[in-house]
Structures are given as C-alpha cells and as structure tokens.
$ cat structure.cif   # mmCIF, C-alpha atoms and all ligand atoms
data_upload
loop_
_atom_site.label_atom_id
_atom_site.label_comp_id
_atom_site.auth_asym_id
_atom_site.auth_seq_id
_atom_site.Cartn_x
_atom_site.Cartn_y
_atom_site.Cartn_z
CA MET A 4 8.51 14.35 28.56
CA GLU A 5 8.80 18.02 27.68
CA LYS A 6 6.84 19.78 24.90
CA ARG A 7 9.10 21.99 22.79
CA GLN A 8 8.58 24.30 19.81
CA GLU A 9 6.09 23.83 16.99
CA LEU A 10 7.63 21.92 14.11
CA TYR A 11 4.78 22.19 11.63
CA ALA A 12 1.16 23.37 11.44
CA GLY A 13 -1.13 21.58 9.00
CA LYS A 14 -4.76 22.41 8.20
CA ALA A 15 -6.22 20.59 11.21
CA LYS A 16 -3.28 19.45 13.33
CA SER A 17 -0.02 20.90 14.63
CA VAL A 18 3.15 18.97 15.41
CA TYR A 19 5.43 19.84 18.35
CA LEU A 20 8.93 18.60 19.07
CA THR A 21 9.70 16.98 22.42
CA ASP A 22 12.91 16.39 24.36
CA ASP A 23 12.98 12.92 22.76
CA GLU A 24 14.00 13.19 19.08
CA ASP A 25 12.06 10.01 18.27
CA LEU A 26 8.75 11.40 19.52
CA VAL A 27 6.53 14.35 18.59
CA ILE A 28 3.21 15.64 19.88
CA LEU A 29 0.23 15.77 17.51
CA SER A 30 -2.20 18.48 18.52
CA PHE A 31 -5.70 18.17 17.04
CA ARG A 32 -7.30 21.59 16.50
CA ASP A 33 -10.95 22.52 15.93
CA ASP A 34 -10.08 23.93 12.48
CA THR A 35 -11.98 22.07 9.77
CA SER A 36 -11.05 22.50 6.14
CA ALA A 37 -12.27 21.25 2.79
CA PHE A 38 -11.54 21.83 -0.90
CA ASP A 39 -7.76 22.09 -0.37
CA GLY A 40 -8.17 24.66 2.38
CA GLU A 41 -10.63 26.93 0.54
CA LYS A 42 -13.40 26.32 3.10
CA VAL A 43 -12.23 26.63 6.71
CA GLU A 44 -14.33 26.78 9.88
CA GLN A 45 -13.87 26.16 13.56
CA LEU A 46 -16.08 23.34 14.80
CA SER A 47 -16.28 23.16 18.57
CA ARG A 48 -15.07 19.83 20.10
CA LYS A 49 -13.73 18.54 16.76
CA GLY A 50 -10.09 18.43 17.91
CA GLU A 51 -10.97 16.43 21.00
CA VAL A 52 -13.34 14.04 19.20
CA ASN A 53 -10.83 13.32 16.42
CA ASN A 54 -7.92 12.90 18.85
CA LYS A 55 -9.82 10.31 20.89
CA PHE A 56 -11.31 8.66 17.80
CA ASN A 57 -7.87 8.37 16.23
CA ALA A 58 -6.33 6.96 19.42
CA PHE A 59 -9.02 4.25 19.52
CA ILE A 60 -8.52 3.27 15.86
CA MET A 61 -4.71 3.35 16.01
CA GLU A 62 -4.69 1.12 19.12
CA TYR A 63 -7.18 -1.22 17.45
CA LEU A 64 -4.97 -1.51 14.36
CA GLN A 65 -1.79 -1.86 16.42
CA GLN A 66 -3.33 -4.77 18.30
CA ALA A 67 -4.15 -6.39 14.96
CA GLY A 68 -0.49 -6.19 13.93
CA ILE A 69 -0.45 -2.97 11.88
CA PRO A 70 2.56 -0.77 12.73
CA THR A 71 1.32 2.71 13.67
CA HIS A 72 2.99 5.88 14.92
CA PHE A 73 0.66 6.08 17.93
CA GLU A 74 2.24 5.95 21.39
CA LYS A 75 -0.33 7.34 23.83
CA LEU A 76 -3.02 9.93 24.48
CA LEU A 77 -1.64 12.90 26.41
CA ASN A 78 -4.77 14.97 26.98
CA ALA A 79 -8.06 15.88 25.29
CA ASN A 80 -6.44 17.35 22.19
CA GLU A 81 -2.95 15.84 22.08
CA ALA A 82 -1.30 12.49 21.41
CA LEU A 83 2.32 11.36 21.53
CA VAL A 84 3.46 9.75 18.27
CA LYS A 85 6.65 8.58 16.60
CA ASN A 86 8.64 11.22 14.75
CA MET A 87 8.53 9.86 11.23
CA GLU A 88 9.69 10.94 7.83
CA MET A 89 6.34 11.17 6.05
CA MET A 90 5.99 10.06 2.44
CA PRO A 91 4.12 12.74 0.41
CA VAL A 92 1.50 10.37 -0.97
CA GLU A 93 -2.06 9.62 0.09
CA CYS A 94 -3.37 6.05 -0.11
CA VAL A 95 -7.11 5.83 -0.81
CA ILE A 96 -9.26 2.71 -0.78
CA ARG A 97 -12.82 2.82 -2.05
CA ASN A 98 -15.42 0.18 -1.24
CA VAL A 99 -18.31 2.25 -2.62
CA ALA A 100 -18.16 4.97 -5.31
CA ALA A 101 -18.34 8.56 -4.01
CA GLY A 102 -16.63 11.94 -4.23
CA SER A 103 -13.85 12.51 -6.73
CA LEU A 104 -14.20 9.05 -8.28
CA CYS A 105 -17.73 9.88 -9.44
CA ARG A 106 -16.68 13.31 -10.69
CA ARG A 107 -13.68 11.86 -12.56
CA LEU A 108 -15.20 8.75 -14.13
CA GLY A 109 -18.92 9.53 -14.16
CA VAL A 110 -19.80 6.42 -12.16
CA GLU A 111 -22.91 6.42 -10.01
CA ASP A 112 -22.54 7.57 -6.40
CA GLY A 113 -23.22 4.60 -4.11
CA MET A 114 -22.15 1.89 -6.58
CA GLU A 115 -20.49 -1.03 -4.78
CA LEU A 116 -16.86 -1.54 -5.86
CA ASN A 117 -15.82 -5.16 -5.92
CA PRO A 118 -12.90 -5.64 -5.69
CA PRO A 119 -12.24 -2.38 -3.80
CA LEU A 120 -10.28 0.31 -5.66
CA PHE A 121 -6.88 1.55 -4.59
CA GLU A 122 -5.62 5.00 -5.65
CA PHE A 123 -2.53 7.10 -4.91
CA PHE A 124 -2.68 10.89 -4.71
CA LEU A 125 0.18 13.35 -4.36
CA LYS A 126 -0.07 15.36 -1.14
CA ASN A 127 0.09 18.86 -2.60
CA ASP A 128 -2.69 21.42 -1.98
CA ALA A 129 -1.32 23.89 -4.55
CA LEU A 130 -1.74 21.20 -7.23
CA HIS A 131 -5.06 19.99 -5.69
CA ASP A 132 -3.65 16.57 -4.70
CA PRO A 133 -3.47 15.07 -8.23
CA MET A 134 -3.95 11.35 -8.72
CA ILE A 135 -0.63 9.59 -9.43
CA ASN A 136 0.51 6.00 -9.95
CA GLU A 137 3.43 3.87 -8.77
CA TYR A 138 5.63 5.00 -11.65
CA HIS A 139 5.34 8.67 -10.63
CA ILE A 140 6.24 7.74 -7.05
CA GLU A 141 9.32 5.83 -8.14
CA THR A 142 10.55 8.23 -10.83
CA PHE A 143 10.21 11.31 -8.63
CA GLY A 144 11.58 9.49 -5.59
CA TRP A 145 8.57 10.12 -3.33
CA ALA A 146 8.92 6.58 -1.93
CA SER A 147 10.81 3.39 -2.78
CA ALA A 148 9.22 0.49 -4.64
CA GLU A 149 9.40 -1.54 -1.40
CA SER A 150 7.59 1.20 0.53
CA VAL A 151 4.93 1.44 -2.17
CA ALA A 152 4.28 -2.31 -1.96
CA LYS A 153 4.12 -2.13 1.85
CA MET A 154 1.74 0.86 1.85
CA LYS A 155 -0.63 -1.03 -0.46
CA GLU A 156 -0.45 -4.22 1.60
CA LEU A 157 -1.12 -2.37 4.88
CA THR A 158 -3.91 -0.22 3.40
CA PHE A 159 -5.76 -3.35 2.20
CA LYS A 160 -5.27 -5.11 5.57
CA ILE A 161 -6.63 -2.02 7.30
CA ASN A 162 -9.62 -2.12 4.94
CA ASP A 163 -10.53 -5.64 6.09
CA LEU A 164 -10.16 -4.69 9.76
CA LEU A 165 -12.01 -1.38 9.67
CA SER A 166 -14.76 -2.39 7.22
CA LYS A 167 -15.69 -5.11 9.72
CA LEU A 168 -15.40 -2.82 12.75
CA PHE A 169 -17.79 -0.30 11.20
CA ALA A 170 -20.09 -2.94 9.65
CA ASP A 171 -20.55 -4.53 13.09
CA ALA A 172 -21.67 -1.10 14.31
CA GLY A 173 -24.19 -0.63 11.48
CA MET A 174 -22.07 1.50 9.14
CA ILE A 175 -20.51 1.23 5.68
CA LEU A 176 -16.87 2.28 5.30
CA VAL A 177 -17.26 3.88 1.86
CA ASP A 178 -13.69 5.12 1.39
CA TYR A 179 -10.76 6.53 3.34
CA LYS A 180 -7.34 8.11 3.02
CA LEU A 181 -4.19 7.01 4.84
CA GLU A 182 -0.68 8.45 5.04
CA PHE A 183 2.45 6.51 5.89
CA GLY A 184 5.92 7.43 7.04
CA LEU A 185 9.27 5.79 7.65
CA PHE A 186 10.45 5.22 11.21
CA LYS A 187 13.93 3.70 11.48
CA GLY A 188 13.45 2.23 8.00
CA GLU A 189 10.02 0.67 8.64
CA VAL A 190 6.82 1.73 6.85
CA VAL A 191 4.46 2.88 9.60
CA LEU A 192 0.89 4.26 9.50
CA GLY A 193 0.88 7.97 10.41
CA ASP A 194 -1.38 11.03 10.27
CA GLU A 195 -4.85 10.16 11.60
CA PHE A 196 -7.90 8.01 11.04
CA SER A 197 -11.07 9.92 11.88
CA PRO A 198 -14.34 10.89 10.17
CA ASP A 199 -12.36 13.81 8.67
CA GLY A 200 -10.51 11.44 6.33
CA CYS A 201 -13.06 8.77 5.50
CA ARG A 202 -16.63 8.37 4.36
CA LEU A 203 -19.01 6.49 6.63
CA TRP A 204 -22.68 5.90 5.88
CA ASP A 205 -25.35 4.46 8.12
CA ALA A 206 -25.96 0.98 6.69
CA GLU A 207 -29.78 1.27 6.87
CA THR A 208 -30.50 4.88 5.96
CA ARG A 209 -27.23 5.74 4.14
CA LYS A 210 -27.08 8.93 6.23
CA LYS A 211 -23.62 10.53 5.90
CA LEU A 212 -21.70 10.44 9.18
CA ASP A 213 -18.40 12.00 8.03
CA LYS A 214 -16.80 15.18 6.68
CA ASP A 215 -19.14 15.25 3.69
CA ARG A 216 -21.59 16.85 6.17
CA PHE A 217 -19.14 19.77 6.35
CA ARG A 218 -18.21 19.77 2.63
CA GLN A 219 -21.89 19.79 1.62
CA GLY A 220 -23.11 22.14 4.40
CA LEU A 221 -25.46 19.51 5.83
CA GLY A 222 -24.91 20.55 9.47
CA GLY A 223 -24.62 18.28 12.50
CA VAL A 224 -20.98 17.54 11.68
CA ILE A 225 -19.58 16.92 15.15
CA GLU A 226 -22.82 15.29 16.30
CA ALA A 227 -22.33 12.74 13.49
CA TYR A 228 -18.68 12.13 14.48
CA GLU A 229 -19.81 11.60 18.08
CA GLU A 230 -22.50 9.19 16.92
CA VAL A 231 -19.90 7.10 15.06
CA ALA A 232 -17.59 7.18 18.08
CA LYS A 233 -20.39 6.02 20.37
CA ARG A 234 -21.38 3.17 18.05
CA ILE A 235 -17.85 1.70 17.89
CA GLY A 236 -17.17 2.29 21.59
CA VAL A 237 -14.70 5.21 21.58
CA PRO A 238 -14.63 6.68 25.11
CA LEU A 239 -15.26 10.42 24.59
N1 LIG B 1 -9.51 12.47 1.60
C1 LIG B 1 -8.82 13.08 2.62
N2 LIG B 1 -7.96 14.10 2.32
C2 LIG B 1 -7.74 14.53 1.05
C3 LIG B 1 -8.46 13.89 0.00
C4 LIG B 1 -9.33 12.87 0.31
O1 LIG B 1 -8.96 12.72 3.79
O2 LIG B 1 -6.93 15.44 0.84
C5 LIG B 1 -10.42 11.35 1.91
C6 LIG B 1 -11.88 11.75 1.77
O3 LIG B 1 -12.41 12.17 3.02
C7 LIG B 1 -12.53 10.47 1.32
C8 LIG B 1 -11.43 9.75 0.52
O4 LIG B 1 -10.20 10.33 0.97
O5 LIG B 1 -12.86 9.66 2.43
C9 LIG B 1 -11.56 9.88 -0.96
O6 LIG B 1 -11.69 11.24 -1.28
P1 LIG B 1 -12.02 11.70 -2.78
O7 LIG B 1 -10.88 11.35 -3.67
O8 LIG B 1 -13.36 11.17 -3.17
O9 LIG B 1 -12.02 13.28 -2.75
P2 LIG B 1 -13.13 14.34 -2.28
O10 LIG B 1 -14.43 14.00 -2.92
O11 LIG B 1 -13.16 14.24 -0.79
O12 LIG B 1 -12.56 15.65 -2.79
#
$ encode --input "structure.cif" --output "structure tokens" --more "lines below"
Ligand code: UDP
Amino acid sequence: MEKRQELYAGKAKSVYLTDDEDLVILSFRDDTSAFDGEKVEQLSRKGEVNNKFNAFIMEYLQQAGIPTHFEKLLNANEALVKNMEMMPVECVIRNVAAGSLCRRLGVEDGMELNPPLFEFFLKNDALHDPMINEYHIETFGWASAESVAKMKELTFKINDLLSKLFADAGMILVDYKLEFGLFKGEVVLGDEFSPDGCRLWDAETRKKLDKDRFRQGLGGVIEAYEEVAKRIGVPL
C-alpha cells in the first residue's frame, strides 16, 4: 500500500490518499486545539497516544458489532481507515452534565443525567459548532433521515459499551463526541475516539483525565491520557 498526497489537514489529524481509493491514512499529529482552534499547542507524544488509544477503542467497538472505519495501525502515528464521505454533524452523548451544557442551561456541573442526553452539533468552526436538531439536518441535507436514526442508534450502543469499559477501569465516561460517515451506503463510525473528544473522570476523586486539562490549563495532559490508556489496557 502506497501513501500518496495529503487530502485534508484538520486541527489534530491529517488525511492522506493511498493507491487504493477505498482507503486513506489518518495521521495523528501532536497539535492540540481548543475553543474552535483559538488555543493551539504542540503536546509531545499526543499523536502517538491518541492513535494507539483510538485503534484500541475502534477494534473493541468493531468486535462488539459496531461498524467502524478502522482497518489497521500502520505505525506510531498513523492508521489505515476506510475512505468515507463524512456527514458534517457531531453526535454528543452526555451521562453527566459538564461543559457547554452547563453554560447553556445553567445546570450544575457533575449532575447525573438519567436518561443520558443526546445532542447534534453542526461541524463548523467559523460558526462555533452550533447545536442543531434532526429537522436542520434533514432540511439542509446534511444527512438522510435513515442516517440520522442510525447515528443515534449506534451512538447509544457505543455509550453502553464504553461506559462499562471505563467504569470497569475506575472511570466515569461523562460525555463524548462521535462523527459518522457513509461507506458504500452504510453508516460507519469515523474520526477518532480518544481523550481529546470525550470527558473522563476518575470515579473516586473525580480528577479530570481528558482534554479539559488542556482547555483549563491544568497541566499533565498527556500523562492523564496515558493513565487512562494504561487502566483500560491500551498497549502504548
Ligand atoms: N467535543 C469535541 N469536539 C467539539 C466539541 C465537543 O470533541 O468540537 C467533545 C468534548 O470533548 C466533550 C463533548 O464533546 O467530551 C461535549 O462537549 P461540549 O458540548 O460540552 O463542549 P465544550 O465544553 O467542550 O466546548
């Protein structure tokens, strides 16, 4: 398999074409961004930790019957994935109130959410990823009604699987963001799952073990990601 030109560079990952039109290479960089790209820093080892973390989670989900874009790890910073047509929406599930939910609705940080909340956001930095609903997605043609239903179903299934995985390792999966794409007509999980796109708290101390350490300038960002990886058994 041959690596060809860069197709796209996002805030933390780059995508490269290959000689197989169905496959692309995801390259995880050390760039770390927050607040729609307003705060950007290089954090040593982040690309490698997130690449290996993501590979572990994607394989775990795949084995549980969730269709994912993940094919295989190529090296420390790169993975081979399916070349999908991504849908420009972010699917967020919240098990505990934090972040934008508290800012938007004034609810207390740390409040348990039962049943969990599901929210859609439009993937658009210039507009600061506004919250949208299913009607916006359908009217503006960002995804079909069938795809919307499938994204919700898969995101909730993933919540059951990952909440248990992290709970068994002494952590609370507070919330997370997923992105899906279409591959040969099927809705498939894409992008990444890593501590960059979720909130994880230690179950005993409630210590933050995710990107909030970067957003809030708490330090020890990559050390926390490595701690999570170690607890769930990701080989780093
Ligand atoms: N999230 C993300 N990318 C985004 C927005 C949110 O990965 O562009 C994740 C975030 O890390 C958290 C969850 O989605 O785990 C919910 O984020 P929230 O809406 O609370 O926004 P934030 O407080 O991070 O701005």
$ residues_around --input "structure.cif" --residues "Arg7 (chain A)" --least-positions-apart "6" --cutoff "8 Å" --atoms "only C-alpha atoms" --output "number ranges by chain"
A: 19-22
$ residues_around --input "structure.cif" --residues "Lys211 (chain A)" --least-positions-apart "4" --cutoff "10 Å" --atoms "all atoms listed in the file" --output "PDB file with C-alpha atoms, in the coordinates of the input"
ATOM      1  CA  MET A 174     -22.070   1.500   9.140  1.00  0.00           C
ATOM      2  CA  ILE A 175     -20.510   1.230   5.680  1.00  0.00           C
ATOM      3  CA  ARG A 202     -16.630   8.370   4.360  1.00  0.00           C
ATOM      4  CA  LEU A 203     -19.010   6.490   6.630  1.00  0.00           C
ATOM      5  CA  TRP A 204     -22.680   5.900   5.880  1.00  0.00           C
ATOM      6  CA  ASP A 205     -25.350   4.460   8.120  1.00  0.00           C
ATOM      7  CA  ALA A 206     -25.960   0.980   6.690  1.00  0.00           C
ATOM      8  CA  ASP A 215     -19.140  15.250   3.690  1.00  0.00           C
ATOM      9  CA  ARG A 216     -21.590  16.850   6.170  1.00  0.00           C
ATOM     10  CA  LEU A 221     -25.460  19.510   5.830  1.00  0.00           C
ATOM     11  CA  VAL A 224     -20.980  17.540  11.680  1.00  0.00           C
ATOM     12  CA  ALA A 227     -22.330  12.740  13.490  1.00  0.00           C
TER      13      ALA A 227
END
$ axis_aligned_box --input "structure.cif" --around "ligand LIG 1 (chain B)" --padding-each-side "6 Å" --output "lines of an AutoDock Vina configuration file"
center_x = -10.7
center_y = 12.7
center_z = 0.1
size_x = 19.5
size_y = 18.0
size_z = 19.5
$ closest_residue --input "structure.cif" --among "A:Tyr11, A:Phe31, A:Phe159, A:Phe196" --to "Glu122 (chain A)" --atoms "only C-alpha atoms"
A:Phe159
$ residues_near_ligand --input "structure.cif" --ligand "ligand LIG 1 (chain B)" --cutoff "9 Å" --atoms "only C-alpha atoms and all ligand atoms" --output "PyMOL selection string"
chain A and resi 37-39+93-97+100-106+122+124+126-128+131-132+134+176-181+196-203+213-215+218
$ atom_distance --input "structure.cif" --atom1 "CA of Leu164 (chain A)" --atom2 "CA of Leu116 (chain A)"
17.3 Å
$ residues_around --input "structure.cif" --residues "region 65-73 of chain A" --least-positions-apart "2" --cutoff "10 Å" --atoms "all atoms listed in the file" --output "number ranges by chain"
A: 26-27, 29, 57-63, 75-76, 82-87, 157-158, 160-161, 164, 183-186, 189-195
$ closest_residue --input "structure.cif" --among "A:Asp34, A:Asp25, A:Glu9, A:Glu207" --to "Glu74 (chain A)" --atoms "only C-alpha atoms"
A:Asp25
$ atom_distance --input "structure.cif" --atom1 "CA of Pro238 (chain A)" --atom2 "CA of Lys55 (chain A)"
7.4 Å
$ closest_residue --input "structure.cif" --among "A:Gly50, A:Glu115, A:Ile28, A:Ile140" --to "Met4 (chain A)" --atoms "all atoms listed in the file"
A:Ile28
$ closest_residue --input "structure.cif" --among "A:Val231, A:Leu120, A:Ile135, A:Val237" --to "Ala170 (chain A)" --atoms "all atoms listed in the file"
A:Val231
$ closest_residue --input "structure.cif" --among "A:Phe217, A:Phe56, A:Phe123, A:Tyr138" --to "Ile235 (chain A)" --atoms "only C-alpha atoms"
A:Phe56
$ atom_distance --input "structure.cif" --atom1 "CA of Lys49 (chain A)" --atom2 "CA of Arg32 (chain A)"
7.1 Å
$ closest_residue --input "structure.cif" --among "A:Glu51, A:Gln219, A:Asn80, A:Pro91" --to "Pro133 (chain A)" --atoms "all atoms listed in the file"
A:Pro91
$ residues_around --input "structure.cif" --residues "Glu141 (chain A)" --least-positions-apart "5" --cutoff "12 Å" --atoms "only C-alpha atoms" --output "list in words"
Met90, Val92, Ile135, Asn136, Ala146, Ser147, Ala148, Glu149, Ser150, Val151 and Ala152 of chain A
$ residues_around --input "structure.cif" --residues "Ser36 (chain A)" --least-positions-apart "4" --cutoff "9 Å" --atoms "only C-alpha atoms" --output "ChimeraX atom specification"
/A:14-15,40-45,217-218
